[in-house]
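One structure is given here, and the rest of the page talks about it.
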Amino acid sequence: MQETIKIRIDNLIFDCRINGNKENELVIFLHGWPETSFMWKKLMSSFSKNGFYCVAPNLRGYSKEACPKGKKHYSLDKLSKDILNISKHLNKPKFHLIGHDWGALIGWKLVHDNQDRILSWTGISVPHPQAFGKAMIVNSEQRKMSQYVKNFQLPYLPELRLKKNNFKILKRLWKNCEPDQVNDYLKVFRNPKQLTASINYYRSNYKLLKSADKNQILGDINVPTLFIWGNKDIAIGSYSVSESHQYMKNDYEFIELDSGHWLIQTDYQELEKVITKHIDKNKDCA
């Protein structure tokens, strides 16, 4: 039975969607922008039936009571520690991790810094931050694709543009979503504080990603990894994906789909199949 619970981490309270028996092995699901934990409902239902305990938080800024003011609160470091603290709250020292879009960027950071805690890692759409950051600087295709990230550095204007015509821009991105999914997303983005918080992910980490061409911002990944990317992705080009492979130092599988960015909506059956196989292969046998 899927339900929503609140998890307090210090002075922040996260709305977390849960499904399955809490005695089972934990799988944590990290959503991206502009979505919420709702995106994982179907996959969580599948995994809970297969004997896993599934937890998908509305991330920092997306949870109304975990929405601190100011871009400094949305660094990759803070965002990844939130997830580690949620796993500690659940008394689960090891877990599987799945992330899409910003959830993938957070996941790469979390996996890199806590390799003894992660049973398996599945990144969807966004590759290793070192590769992605470098691509934003040196690759012309990725620079064009990431122009919106640069635009998001402006104060106020991005929020005004997104709200225009009743969130027309965002609704265009959600064209493959069911109406109840869109309604859940709008509950977050219609709140001005939460809308700004979601854009603060880009504002807080832009300089870090831009430095990847000259500095190492993240190193090798030493856990079993599955990375899934659509070759028609409007935000992530092939250069960053190719650059990403070199950082994988454990079991690694790369799957390229003839699809776009919103893979959980457009390619659900394929994702369920390959992620299930990946996680089943890496169950905790201790």
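In the structure tokens, the first chain shown is A, the next is B, and so on; residue numbers restart at 1 for each chain, and ligands run from 1 in the order shown.
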
Non-local contacts of Met248 (chain A) (7 Å; only C-alpha atoms; under 6 positions in same chain excluded) as a PyMOL selection string: chain A and resi 220-222

Strand (DSSP E) positions in region 69-267 of chain A, given as an MDAnalysis selection string: chainID A and resid 95:100 118:124 225:230 252:257

Nearby residues (only C-alpha atoms) at most 10 Å from Lys6 (chain A), same-chain spacing under 3 positions excluded, as number ranges by chain: A: 9, 12-17, 57, 63, 65

Would you write out those residues with N, CA, C and O atoms, as an mmCIF file, in the first residue's frame?
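Once written, selection-v2.cif looks like this:
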data_model
loop_
_atom_site.group_PDB
_atom_site.id
_atom_site.type_symbol
_atom_site.label_atom_id
_atom_site.label_comp_id
_atom_site.auth_asym_id
_atom_site.auth_seq_id
_atom_site.Cartn_x
_atom_site.Cartn_y
_atom_site.Cartn_z
ATOM 1 N N ILE A 9 14.510 15.663 9.447
ATOM 2 C CA ILE A 9 15.977 15.662 9.489
ATOM 3 C C ILE A 9 16.396 17.033 10.008
ATOM 4 O O ILE A 9 16.299 18.035 9.297
ATOM 5 N N LEU A 12 14.349 20.251 9.101
ATOM 6 C CA LEU A 12 13.648 20.064 7.836
ATOM 7 C C LEU A 12 12.742 18.836 7.906
ATOM 8 O O LEU A 12 13.132 17.805 8.468
ATOM 9 N N ILE A 13 11.546 18.946 7.326
ATOM 10 C CA ILE A 13 10.602 17.827 7.310
ATOM 11 C C ILE A 13 10.289 17.469 5.858
ATOM 12 O O ILE A 13 9.762 18.285 5.101
ATOM 13 N N PHE A 14 10.636 16.240 5.491
ATOM 14 C CA PHE A 14 10.489 15.784 4.112
ATOM 15 C C PHE A 14 9.227 14.946 3.942
ATOM 16 O O PHE A 14 8.960 14.044 4.745
ATOM 17 N N ASP A 15 8.467 15.262 2.890
ATOM 18 C CA ASP A 15 7.332 14.441 2.502
ATOM 19 C C ASP A 15 7.866 13.276 1.680
ATOM 20 O O ASP A 15 8.464 13.490 0.615
ATOM 21 N N CYS A 16 7.660 12.065 2.166
ATOM 22 C CA CYS A 16 8.230 10.889 1.509
ATOM 23 C C CYS A 16 7.142 9.888 1.138
ATOM 24 O O CYS A 16 6.348 9.471 1.983
ATOM 25 N N ARG A 17 7.116 9.518 -0.106
ATOM 26 C CA ARG A 17 6.205 8.476 -0.593
ATOM 27 C C ARG A 17 6.836 7.125 -0.284
ATOM 28 O O ARG A 17 8.027 6.915 -0.568
ATOM 29 N N PRO A 57 11.493 10.524 -1.569
ATOM 30 C CA PRO A 57 11.229 11.828 -0.939
ATOM 31 C C PRO A 57 10.923 12.906 -1.961
ATOM 32 O O PRO A 57 11.442 12.873 -3.086
ATOM 33 N N SER A 63 9.584 19.682 -0.738
ATOM 34 C CA SER A 63 8.792 19.451 0.467
ATOM 35 C C SER A 63 8.558 20.806 1.126
ATOM 36 O O SER A 63 9.511 21.549 1.399
ATOM 37 N N GLU A 65 7.871 21.821 4.023
ATOM 38 C CA GLU A 65 8.501 22.077 5.317
ATOM 39 C C GLU A 65 10.003 21.798 5.299
ATOM 40 O O GLU A 65 10.648 21.749 6.347
#

Listing only residues of region 156-258 of chain A within 6 Å of region 68-88 of chain A, what is the closest atom pair and its distance in Å (to one decimal) for each, using only C-alpha atoms, sorted by chain and residue number ascending, as JSON lines?
{"residue": "A:Asn200", "atom": "CA", "partner": "A:Lys71", "partner_atom": "CA", "distance": 4.9}
{"residue": "A:Tyr201", "atom": "CA", "partner": "A:Tyr74", "partner_atom": "CA", "distance": 5.4}
{"residue": "A:Ser204", "atom": "CA", "partner": "A:Lys71", "partner_atom": "CA", "distance": 5.2}
{"residue": "A:Asn205", "atom": "CA", "partner": "A:Ser75", "partner_atom": "CA", "distance": 5.8}

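Take the candidates A:Asn58, A:Ser238, A:Ser146, A:Ser198 and check each one against Ile5 (chain A) using only C-alpha atoms; the shortest distance goes to A:Asn58.
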
Selected residue, from A:Cys177, A:Ala135, A:Val126, A:Leu154, that lies nearest to Leu105 (chain A) when counting only C-alpha atoms: A:Val126

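Using only C-alpha atoms, the nearest neighbour of Phe132 (chain A) within the list A:Leu97, A:Met44, A:Leu195, A:Ala104 is A:Ala104.
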
Proximity to Glu178 (chain A) - best of A:Ile28, A:Ile264, A:Lys64, A:Leu59, only C-alpha atoms: A:Ile264

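Counting only C-alpha atoms, the residue from A:Ile137, A:Tyr202, A:Ile236, A:Thr225 that sits nearest to Glu253 (chain A) is A:Thr225.
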